[in-house]
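The file query_10.tsv contains TSV, C-alpha atoms:
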chain	number	residue	atom	x	y	z
A	1	MET	CA	141.65	68.11	56.14
A	2	SER	CA	145.05	66.83	54.98
A	3	ASP	CA	147.83	65.81	57.39
A	4	GLU	CA	149.87	68.73	56.07
A	5	THR	CA	147.10	71.16	56.96
A	6	LYS	CA	146.70	69.60	60.40
A	7	ALA	CA	150.45	69.91	60.98
A	8	ARG	CA	150.31	73.59	60.10
A	9	LEU	CA	147.44	74.10	62.51
A	10	ALA	CA	149.37	72.31	65.25
A	11	GLU	CA	152.41	74.50	64.61
A	12	ALA	CA	150.18	77.55	64.85
A	13	ARG	CA	149.51	76.77	68.50
A	14	VAL	CA	153.19	77.27	69.21
A	15	ALA	CA	153.84	80.11	66.80
A	16	MET	CA	151.26	82.59	68.04
A	17	ALA	CA	153.88	85.12	69.23
A	18	GLY	CA	154.17	88.10	66.91
A	19	VAL	CA	150.82	87.44	65.24
A	20	SER	CA	148.23	90.20	65.24
A	21	PRO	CA	145.31	89.80	67.67
A	22	ARG	CA	142.88	89.52	64.74
A	23	ALA	CA	144.89	86.80	63.01
A	24	ARG	CA	145.29	84.99	66.33
A	25	GLY	CA	141.56	85.14	66.88
A	26	GLU	CA	140.81	83.81	63.40
A	27	GLU	CA	143.26	80.94	63.91
A	28	LYS	CA	141.67	80.02	67.24
A	29	THR	CA	138.26	80.09	65.59
A	30	ARG	CA	139.42	77.66	62.89
A	31	LEU	CA	141.00	75.35	65.45
A	32	ALA	CA	137.92	75.42	67.69
A	33	ILE	CA	135.42	74.75	64.91
A	34	ASP	CA	137.52	71.93	63.51
A	35	TRP	CA	137.93	70.40	66.99
A	36	ILE	CA	134.18	70.36	67.63
A	37	TYR	CA	133.52	69.02	64.13
A	38	ARG	CA	135.91	66.10	64.59
A	39	TRP	CA	134.74	65.15	68.09
A	40	GLY	CA	131.06	65.98	67.67
A	41	TRP	CA	131.05	68.25	70.73
A	42	SER	CA	133.37	69.80	73.29
A	43	SER	CA	133.31	71.71	76.57
A	44	PRO	CA	134.45	75.32	77.16
A	45	SER	CA	137.51	74.35	79.24
A	46	THR	CA	138.62	71.63	76.80
A	47	LEU	CA	138.19	73.99	73.87
A	48	ASP	CA	140.46	76.50	75.60
A	49	LEU	CA	143.06	73.77	76.15
A	50	ALA	CA	142.86	72.60	72.52
A	51	THR	CA	143.37	76.13	71.18
A	52	GLY	CA	146.20	77.35	73.36
A	53	GLY	CA	145.62	76.39	76.97
A	54	LYS	CA	144.42	79.72	78.34
A	55	ARG	CA	140.95	80.78	79.44
A	56	THR	CA	140.04	83.37	76.83
A	57	GLY	CA	136.24	83.26	76.64
A	58	LEU	CA	136.52	81.65	73.22
A	59	ALA	CA	133.33	79.61	73.63
A	60	ALA	CA	131.33	82.70	74.55
A	61	ARG	CA	132.68	84.60	71.53
A	62	LEU	CA	131.87	81.78	69.10
A	63	THR	CA	128.40	81.50	70.61
A	64	ARG	CA	127.80	85.23	70.05
A	65	GLN	CA	128.96	84.78	66.45
A	66	LYS	CA	126.38	81.99	66.01
A	67	LEU	CA	129.09	79.50	65.04
A	68	ILE	CA	128.43	77.23	68.02
A	69	LYS	CA	125.67	76.71	70.56
A	70	SER	CA	125.83	75.77	74.22
A	71	SER	CA	123.49	73.20	75.78
A	72	ARG	CA	123.31	72.31	79.47
A	73	THR	CA	124.06	68.66	80.20
A	74	GLU	CA	121.67	66.43	82.12
A	75	ALA	CA	124.18	66.09	84.97
A	76	GLY	CA	124.72	69.84	84.95
A	77	GLY	CA	128.18	69.58	86.49
A	78	GLY	CA	126.93	67.57	89.45
A	79	ILE	CA	129.28	64.69	88.66
A	80	LYS	CA	133.04	65.14	88.52
A	81	GLY	CA	134.41	65.01	85.00
A	82	ILE	CA	131.09	65.73	83.28
A	83	PRO	CA	130.94	69.26	81.83
A	84	ILE	CA	128.10	71.61	82.70
A	85	HIS	CA	127.64	72.62	79.06
A	86	LEU	CA	128.10	70.94	75.68
A	87	LEU	CA	129.35	72.98	72.76
A	88	THR	CA	128.14	71.91	69.32
A	89	LEU	CA	128.23	73.51	65.89
A	90	THR	CA	125.35	75.48	64.48
A	91	SER	CA	124.46	75.09	60.81
A	92	ILE	CA	126.58	78.19	60.13
A	93	GLY	CA	129.50	76.70	62.06
A	94	LEU	CA	129.13	73.40	60.23
A	95	ASP	CA	129.26	75.16	56.86
A	96	GLU	CA	132.43	76.93	57.96
A	97	ALA	CA	134.03	73.72	59.27
A	98	GLU	CA	133.35	71.80	56.07
A	99	ARG	CA	134.59	74.69	53.95
A	100	LEU	CA	138.02	74.34	55.55
A	101	ARG	CA	138.28	70.54	55.35
A	102	GLU	CA	139.25	68.01	52.70
A	103	ASP	CA	137.86	64.90	54.45
A	104	LEU	CA	134.27	65.05	55.65
A	105	ILE	CA	132.52	63.06	58.36
A	106	GLN	CA	128.83	62.99	59.19
A	107	TYR	CA	128.05	65.63	61.81
A	108	GLU	CA	124.99	65.63	64.08
A	109	LEU	CA	123.66	69.14	64.70
A	110	ASP	CA	121.11	68.08	67.33
A	111	ALA	CA	122.86	68.22	70.72
A	112	PHE	CA	120.05	66.18	72.30
A	113	LYS	CA	121.11	63.16	70.23
A	114	ILE	CA	124.54	63.04	71.89
A	115	ASP	CA	124.90	60.00	74.16
A	116	GLN	CA	125.22	61.63	77.57
A	117	THR	CA	126.07	58.36	79.29
A	118	LYS	CA	129.52	58.65	77.69
A	119	LEU	CA	130.21	62.31	78.44
A	120	ARG	CA	132.76	61.67	81.19
A	121	HIS	CA	134.57	59.08	79.06
A	122	ASP	CA	134.63	61.32	75.98
A	123	GLU	CA	135.60	64.44	77.94
A	124	ILE	CA	138.63	62.61	79.33
A	125	SER	CA	139.53	61.41	75.81
A	126	GLN	CA	139.38	64.98	74.50
A	127	ARG	CA	141.33	66.52	77.38
A	128	ALA	CA	144.06	63.88	77.24
A	129	THR	CA	144.41	64.49	73.49
A	130	ALA	CA	144.46	68.27	73.81
A	131	ASP	CA	147.05	68.02	76.60
A	132	ALA	CA	149.25	65.69	74.52
A	133	LEU	CA	149.12	68.12	71.59
A	134	LYS	CA	149.96	71.07	73.84
A	135	LYS	CA	152.96	69.22	75.32
A	136	GLY	CA	154.16	68.10	71.88
A	137	THR	CA	153.85	64.42	72.81
A	138	ILE	CA	151.84	63.88	69.62
A	139	ILE	CA	151.46	65.78	66.36
A	140	ASN	CA	148.20	64.33	65.10
A	141	PHE	CA	145.20	62.23	66.14
A	142	LYS	CA	142.09	60.50	64.87
A	143	THR	CA	138.79	60.76	66.73
A	144	PRO	CA	136.29	57.91	67.14
A	145	LYS	CA	134.14	59.40	64.37
A	146	GLU	CA	137.08	59.54	61.97
A	147	LEU	CA	138.15	55.99	62.79
A	148	ALA	CA	134.62	54.61	62.47
A	149	ALA	CA	134.24	56.16	59.03
A	150	LYS	CA	137.11	54.03	57.67
A	151	SER	CA	137.01	50.97	59.93
A	152	GLU	CA	135.87	47.53	58.87
A	153	LYS	CA	132.63	46.33	60.43
A	154	GLY	CA	133.19	44.44	63.66
A	155	VAL	CA	136.86	45.45	63.99
A	156	LYS	CA	137.91	46.85	67.39
A	157	GLN	CA	139.02	50.45	67.17
A	158	PRO	CA	140.72	52.48	69.91
A	159	ASP	CA	138.88	55.26	71.71
A	160	VAL	CA	141.34	57.68	70.11
A	161	LEU	CA	144.34	57.18	67.84
A	162	TRP	CA	147.42	59.29	68.56
A	163	ILE	CA	150.33	59.76	66.17
A	164	ASN	CA	153.67	60.96	67.52
A	165	GLY	CA	156.55	62.73	65.79
A	166	ALA	CA	158.17	59.43	64.83
A	167	GLY	CA	155.02	58.34	63.03
A	168	GLN	CA	154.14	55.72	65.64
A	169	ARG	CA	150.46	55.05	66.21
A	170	ILE	CA	149.23	54.87	69.81
A	171	GLY	CA	145.81	53.41	70.54
A	172	ILE	CA	144.17	55.16	73.50
A	173	GLU	CA	141.79	53.16	75.66
A	174	VAL	CA	139.97	55.15	78.35
A	175	GLU	CA	138.84	52.78	81.11
A	176	LEU	CA	136.64	54.23	83.86
A	177	SER	CA	134.94	51.02	85.04
A	178	ALA	CA	136.59	47.63	85.45
A	179	LYS	CA	135.91	44.81	83.01
A	180	TRP	CA	135.49	41.24	84.28
A	181	ASP	CA	135.45	37.69	82.96
A	182	ARG	CA	134.59	37.52	79.23
A	183	LYS	CA	134.62	41.30	78.78
A	184	LEU	CA	138.14	41.54	80.22
A	185	ASP	CA	139.36	38.58	78.13
A	186	GLU	CA	137.94	40.14	74.96
A	187	PHE	CA	139.49	43.49	75.82
A	188	VAL	CA	142.95	41.96	76.32
A	189	PHE	CA	142.64	39.95	73.11
A	190	SER	CA	141.44	42.93	71.03
A	191	CYS	CA	144.26	45.17	72.29
A	192	LEU	CA	146.83	42.51	71.43
A	193	GLN	CA	145.24	42.00	68.02
A	194	SER	CA	145.42	45.74	67.28
A	195	MET	CA	149.22	45.59	67.72
A	196	SER	CA	149.68	42.38	65.71
A	197	ASP	CA	150.30	41.89	62.01
A	198	LYS	CA	146.68	40.73	61.68
A	199	ALA	CA	145.28	44.21	62.38
A	200	ASN	CA	143.86	46.17	59.47
A	201	ALA	CA	145.74	49.27	58.31
A	202	VAL	CA	143.19	51.72	59.71
A	203	ASN	CA	143.23	50.50	63.31
A	204	LYS	CA	146.71	48.98	63.60
A	205	VAL	CA	148.77	50.55	66.39
A	206	ASN	CA	152.35	50.28	67.64
A	207	THR	CA	151.44	50.64	71.30
A	208	VAL	CA	148.32	50.85	73.46
A	209	ALA	CA	147.89	53.44	76.22
A	210	LEU	CA	145.42	52.59	78.98
A	211	VAL	CA	144.08	55.75	80.61
A	212	SER	CA	142.06	55.74	83.83
A	213	ASP	CA	141.27	57.84	86.88
A	214	SER	CA	141.31	54.66	89.00
A	215	LYS	CA	144.61	53.29	90.25
A	216	ALA	CA	142.87	50.02	91.10
A	217	ILE	CA	141.74	49.54	87.49
A	218	LEU	CA	145.23	50.25	86.15
A	219	LYS	CA	146.74	47.79	88.65
A	220	ARG	CA	144.29	45.08	87.66
A	221	TYR	CA	144.89	45.63	83.95
A	222	LYS	CA	148.66	45.60	84.43
A	223	GLU	CA	148.29	42.10	85.82
A	224	ALA	CA	146.04	41.06	82.94
A	225	PHE	CA	148.55	42.31	80.32
A	226	THR	CA	151.65	40.82	81.96
A	227	PRO	CA	153.37	38.43	79.50
A	228	GLY	CA	152.40	34.89	80.41
A	229	SER	CA	149.05	35.88	81.94
A	230	LYS	CA	146.22	33.72	80.65
A	231	PHE	CA	142.98	34.92	79.09
A	232	GLY	CA	140.07	33.10	77.49
A	233	ILE	CA	138.98	33.00	73.87
A	234	TRP	CA	135.18	33.12	73.72
A	235	GLU	CA	132.65	32.12	71.07
A	236	LYS	CA	128.89	31.68	70.94
A	237	ASN	CA	127.71	28.08	70.92
A	238	GLU	CA	124.85	26.68	68.85
A	239	ARG	CA	122.36	27.88	71.47
A	240	GLY	CA	123.66	31.44	71.27
A	241	PHE	CA	125.41	31.44	74.65
A	242	TRP	CA	128.97	32.67	75.13
A	243	THR	CA	131.39	29.92	76.06
A	244	GLN	CA	135.16	29.87	76.51
A	245	THR	CA	136.58	27.64	73.78
A	246	LYS	CA	140.26	27.85	74.70
A	247	ALA	CA	142.85	29.74	76.73
A	248	ALA	CA	145.70	31.90	75.47
A	249	GLU	CA	148.64	33.73	77.01
A	250	VAL	CA	149.79	37.31	76.70
A	251	PRO	CA	152.85	37.00	74.41
A	252	THR	CA	156.33	38.15	75.37
A	253	TRP	CA	156.37	40.72	72.57
A	254	ALA	CA	153.68	42.68	74.48
A	255	GLU	CA	156.29	43.65	77.08
A	256	GLY	CA	156.75	47.42	76.96
A	257	LYS	CA	153.98	47.96	74.40
A	258	ILE	CA	151.34	48.91	76.96
A	259	ILE	CA	151.46	52.41	78.47
A	260	TRP	CA	149.69	53.15	81.76
A	261	GLN	CA	148.43	56.67	82.39
A	262	PHE	CA	146.67	57.70	85.59
A	263	ILE	CA	144.69	60.93	85.39
A	264	GLU	CA	143.31	62.97	88.26
Rewrite the coordinates I just gave you, this time as structure tokens.
Amino acid sequence: MSDETKARLAEARVAMAGVSPRARGEEKTRLAIDWIYRWGWSSPSTLDLATGGKRTGLAARLTRQKLIKSSRTEAGGGIKGIPIHLLTLTSIGLDEAERLREDLIQYELDAFKIDQTKLRHDEISQRATADALKKGTIINFKTPKELAAKSEKGVKQPDVLWINGAGQRIGIEVELSAKWDRKLDEFVFSCLQSMSDKANAVNKVNTVALVSDSKAILKRYKEAFTPGSKFGIWEKNERGFWTQTKAAEVPTWAEGKIIWQFIE
């Protein structure tokens, strides 16, 4: 799907007034199918948010029409932030989604192959993106699947890429568990690299937004990204063990380029 088409779809969310109920329903169907296609799956509440923000029973309607199917998650809603049901495309829904797109990505129809250990992380990524679109903070985005399809092997990519009205690219990093030692050093280094001139065109960003539901994690990361803070550069030695080869500092140009977003 071209950027122009995506922009028109985004505008449609705002310009629903005066449109016939049938046309509105068809537009919501297109938005919903495309959303699930790009993310791989969604949840009923997130799908409502991504297609207008109101609870309309859209998921139930699309399920009746055999365009999507609903599968109960392993957690079954027992853990906060993990949806009770996953919504995925049926073969009919996939045909419809690909009919409306210009750029294709590989879609997995089998809901049981979705990595359920990442559901909470991915649900937060989707909801934050849908909310940003609804508020007009961004006009476009790239999902992990879309980024991976064009990324160079071994290159760090953000969890989600947002694009605002000024054309700036914002790399979203959803952090739900704290990183330590080498993992934290590598995370800091990779985020800085993604904003530097050394980043490849696909994953280069202007700013990085760190999103978490833990104030303690955000506080710790703020300290790690403060200009002048030191972090290690790690490499594997000849025996295959990770070792810190040198230390580096967060550069002064990083000031103001990291956004901190706490979510409930």
### Protein, DNA and RNA residues within 9 Å of (141.1, 58.3, 87.8), all atoms listed in the file, as a list in words
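Protein and nucleic acid residues near the point are Glu175, Leu176, Val211, Ser212, Asp213, Ser214, Lys215, Ile217, Phe262, Ile263 and Glu264 of chain A.
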### Task
Using all atoms listed in the file, find the one residue out of A:Asp115, A:Asp110, A:Asp34, A:Asp103 that sits nearest to Lys69 in chain A.
A:Asp110
### Message
Need to verify the contact set: Leu67 in chain A, 12 Å, all atoms listed in the file, exclusion of same-chain residues closer than 2 positions in sequence. Can you return it as a PyMOL selection string?
### Response
chain A and resi 29-30+32-34+36-37+58-65+69-70+87-97+109
Let me have the centre and edge lengths in Å, one decimal, of the box along x, y and z around every listed atom of range 72-91 of chain A with 8 Å of margin on each side, as JSON.
{"center_x": 128.0, "center_y": 70.1, "center_z": 75.1, "size_x": 28.7, "size_y": 26.8, "size_z": 44.6}
### Query
Hey, what's within 12 Å of Trp253 in chain A if we count all atoms listed in the file and toss same-chain stuff fewer than 3 positions away? As number ranges by chain, please?
A: 192, 195-196, 206-207, 225-228, 249-250, 256-258
### Query
Distance CA of His121 in chain A-CA of Val174 in chain A, one decimal place?
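Interatomic distance, CA of His121 in chain A to CA of Val174 in chain A: 6.7 Å.
The space between CA of Thr51 in chain A and CA of Ile172 in chain A spans 21.1 Å.
Within the 8 Å cut-off around Ile124 in chain A, using all atoms listed in the file and omitting residues fewer than 4 positions from it on the same chain, the listed residues are A:Gly81, A:Arg120, A:Ala128, A:Val174.
Interatomic distance, CA of Gly40 in chain A to CA of Lys145 in chain A: 8.0 Å.
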### Given only C-alpha atoms as the counted atoms, nearest of A:Lys246, A:Trp39, A:Ala178, A:Ser190 to Leu147 in chain A
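Closest to Leu147 in chain A, using only C-alpha atoms: A:Trp39.
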Write only N, CA, C and O atoms for range 226-261 of chain A from the block just shown, as a tab-separated table (two decimals), in the first residue's frame.
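Dumped to decode-v5.tsv:
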chain	number	residue	atom	x	y	z
A	226	THR	N	21.76	9.70	29.64
A	226	THR	CA	22.21	11.06	29.93
A	226	THR	C	23.57	11.32	29.28
A	226	THR	O	24.48	10.50	29.42
A	227	PRO	N	23.71	12.41	28.51
A	227	PRO	CA	25.00	12.71	27.89
A	227	PRO	C	26.14	12.67	28.90
A	227	PRO	O	26.03	13.23	29.99
A	228	GLY	N	27.19	11.97	28.55
A	228	GLY	CA	28.32	11.79	29.45
A	228	GLY	C	28.31	10.46	30.19
A	228	GLY	O	29.34	10.03	30.70
A	229	SER	N	27.14	9.81	30.24
A	229	SER	CA	27.07	8.50	30.89
A	229	SER	C	27.88	7.48	30.09
A	229	SER	O	27.85	7.48	28.85
A	230	LYS	N	28.57	6.61	30.78
A	230	LYS	CA	29.44	5.64	30.11
A	230	LYS	C	28.69	4.32	29.86
A	230	LYS	O	27.83	3.93	30.64
A	231	PHE	N	29.05	3.68	28.76
A	231	PHE	CA	28.53	2.34	28.47
A	231	PHE	C	29.64	1.55	27.77
A	231	PHE	O	30.56	2.11	27.17
A	232	GLY	N	29.56	0.24	27.88
A	232	GLY	CA	30.61	-0.61	27.33
A	232	GLY	C	30.34	-1.02	25.89
A	232	GLY	O	29.20	-1.12	25.46
A	233	ILE	N	31.42	-1.25	25.16
A	233	ILE	CA	31.36	-1.83	23.82
A	233	ILE	C	31.83	-3.28	23.97
A	233	ILE	O	32.94	-3.53	24.45
A	234	TRP	N	31.00	-4.22	23.55
A	234	TRP	CA	31.27	-5.63	23.79
A	234	TRP	C	31.53	-6.40	22.49
A	234	TRP	O	30.93	-6.12	21.46
A	235	GLU	N	32.44	-7.36	22.57
A	235	GLU	CA	32.73	-8.24	21.45
A	235	GLU	C	33.00	-9.64	21.99
A	235	GLU	O	33.36	-9.81	23.16
A	236	LYS	N	32.85	-10.64	21.13
A	236	LYS	CA	33.18	-12.00	21.54
A	236	LYS	C	34.67	-12.24	21.34
A	236	LYS	O	35.24	-11.86	20.32
A	237	ASN	N	35.31	-12.86	22.33
A	237	ASN	CA	36.73	-13.16	22.20
A	237	ASN	C	36.93	-14.46	21.43
A	237	ASN	O	35.96	-15.08	20.95
A	238	GLU	N	38.18	-14.89	21.32
A	238	GLU	CA	38.48	-16.08	20.52
A	238	GLU	C	37.86	-17.36	21.10
A	238	GLU	O	37.70	-18.36	20.38
A	239	ARG	N	37.48	-17.33	22.34
A	239	ARG	CA	36.83	-18.49	22.97
A	239	ARG	C	35.31	-18.43	22.88
A	239	ARG	O	34.61	-19.32	23.35
A	240	GLY	N	34.80	-17.35	22.26
A	240	GLY	CA	33.36	-17.22	22.08
A	240	GLY	C	32.63	-16.58	23.24
A	240	GLY	O	31.40	-16.59	23.27
A	241	PHE	N	33.39	-16.01	24.20
A	241	PHE	CA	32.76	-15.35	25.35
A	241	PHE	C	32.69	-13.84	25.12
A	241	PHE	O	33.62	-13.25	24.55
A	242	TRP	N	31.59	-13.23	25.57
A	242	TRP	CA	31.46	-11.79	25.47
A	242	TRP	C	32.42	-11.11	26.44
A	242	TRP	O	32.53	-11.50	27.59
A	243	THR	N	33.09	-10.08	25.94
A	243	THR	CA	33.99	-9.31	26.80
A	243	THR	C	33.91	-7.84	26.41
A	243	THR	O	33.73	-7.50	25.23
A	244	GLN	N	34.01	-6.97	27.40
A	244	GLN	CA	33.97	-5.53	27.12
A	244	GLN	C	35.33	-5.09	26.62
A	244	GLN	O	36.34	-5.25	27.31
A	245	THR	N	35.38	-4.57	25.40
A	245	THR	CA	36.65	-4.19	24.79
A	245	THR	C	37.02	-2.74	25.05
A	245	THR	O	38.20	-2.38	25.06
A	246	LYS	N	36.01	-1.89	25.24
A	246	LYS	CA	36.28	-0.48	25.52
A	246	LYS	C	35.03	0.17	26.09
A	246	LYS	O	33.95	-0.44	26.13
A	247	ALA	N	35.18	1.40	26.55
A	247	ALA	CA	34.05	2.16	27.09
A	247	ALA	C	33.79	3.37	26.21
A	247	ALA	O	34.69	3.89	25.56
A	248	ALA	N	32.54	3.77	26.15
A	248	ALA	CA	32.15	4.95	25.37
A	248	ALA	C	31.23	5.81	26.21
A	248	ALA	O	30.79	5.40	27.29
A	249	GLU	N	30.96	7.02	25.74
A	249	GLU	CA	30.07	7.92	26.45
A	249	GLU	C	28.89	8.32	25.56
A	249	GLU	O	29.02	8.41	24.34
A	250	VAL	N	27.76	8.52	26.19
A	250	VAL	CA	26.60	9.05	25.46
A	250	VAL	C	26.95	10.46	24.99
A	250	VAL	O	27.32	11.31	25.81
A	251	PRO	N	26.90	10.72	23.67
A	251	PRO	CA	27.32	12.03	23.15
A	251	PRO	C	26.36	13.16	23.51
A	251	PRO	O	25.18	12.92	23.82
A	252	THR	N	26.85	14.37	23.43
A	252	THR	CA	26.02	15.53	23.78
A	252	THR	C	24.86	15.71	22.79
A	252	THR	O	23.81	16.25	23.16
A	253	TRP	N	25.07	15.26	21.54
A	253	TRP	CA	23.99	15.45	20.55
A	253	TRP	C	22.75	14.62	20.87
A	253	TRP	O	21.67	14.84	20.30
A	254	ALA	N	22.87	13.65	21.81
A	254	ALA	CA	21.72	12.82	22.17
A	254	ALA	C	20.73	13.57	23.06
A	254	ALA	O	19.59	13.13	23.23
A	255	GLU	N	21.17	14.70	23.62
A	255	GLU	CA	20.30	15.51	24.47
A	255	GLU	C	19.03	15.90	23.72
A	255	GLU	O	19.09	16.48	22.62
A	256	GLY	N	17.88	15.57	24.27
A	256	GLY	CA	16.61	15.95	23.66
A	256	GLY	C	16.13	15.01	22.56
A	256	GLY	O	15.05	15.21	22.02
A	257	LYS	N	16.93	14.00	22.22
A	257	LYS	CA	16.55	13.09	21.14
A	257	LYS	C	15.89	11.81	21.67
A	257	LYS	O	15.47	10.95	20.88
A	258	ILE	N	15.81	11.67	22.98
A	258	ILE	CA	15.14	10.52	23.58
A	258	ILE	C	13.85	10.99	24.23
A	258	ILE	O	13.84	11.92	25.03
A	259	ILE	N	12.75	10.35	23.87
A	259	ILE	CA	11.44	10.67	24.43
A	259	ILE	C	11.06	9.57	25.41
A	259	ILE	O	11.24	8.39	25.14
A	260	TRP	N	10.50	9.98	26.56
A	260	TRP	CA	10.12	9.01	27.59
A	260	TRP	C	8.62	9.01	27.72
A	260	TRP	O	7.99	10.03	27.95
A	261	GLN	N	8.00	7.84	27.57
A	261	GLN	CA	6.54	7.75	27.63
A	261	GLN	C	6.10	6.65	28.59
A	261	GLN	O	6.34	5.46	28.33
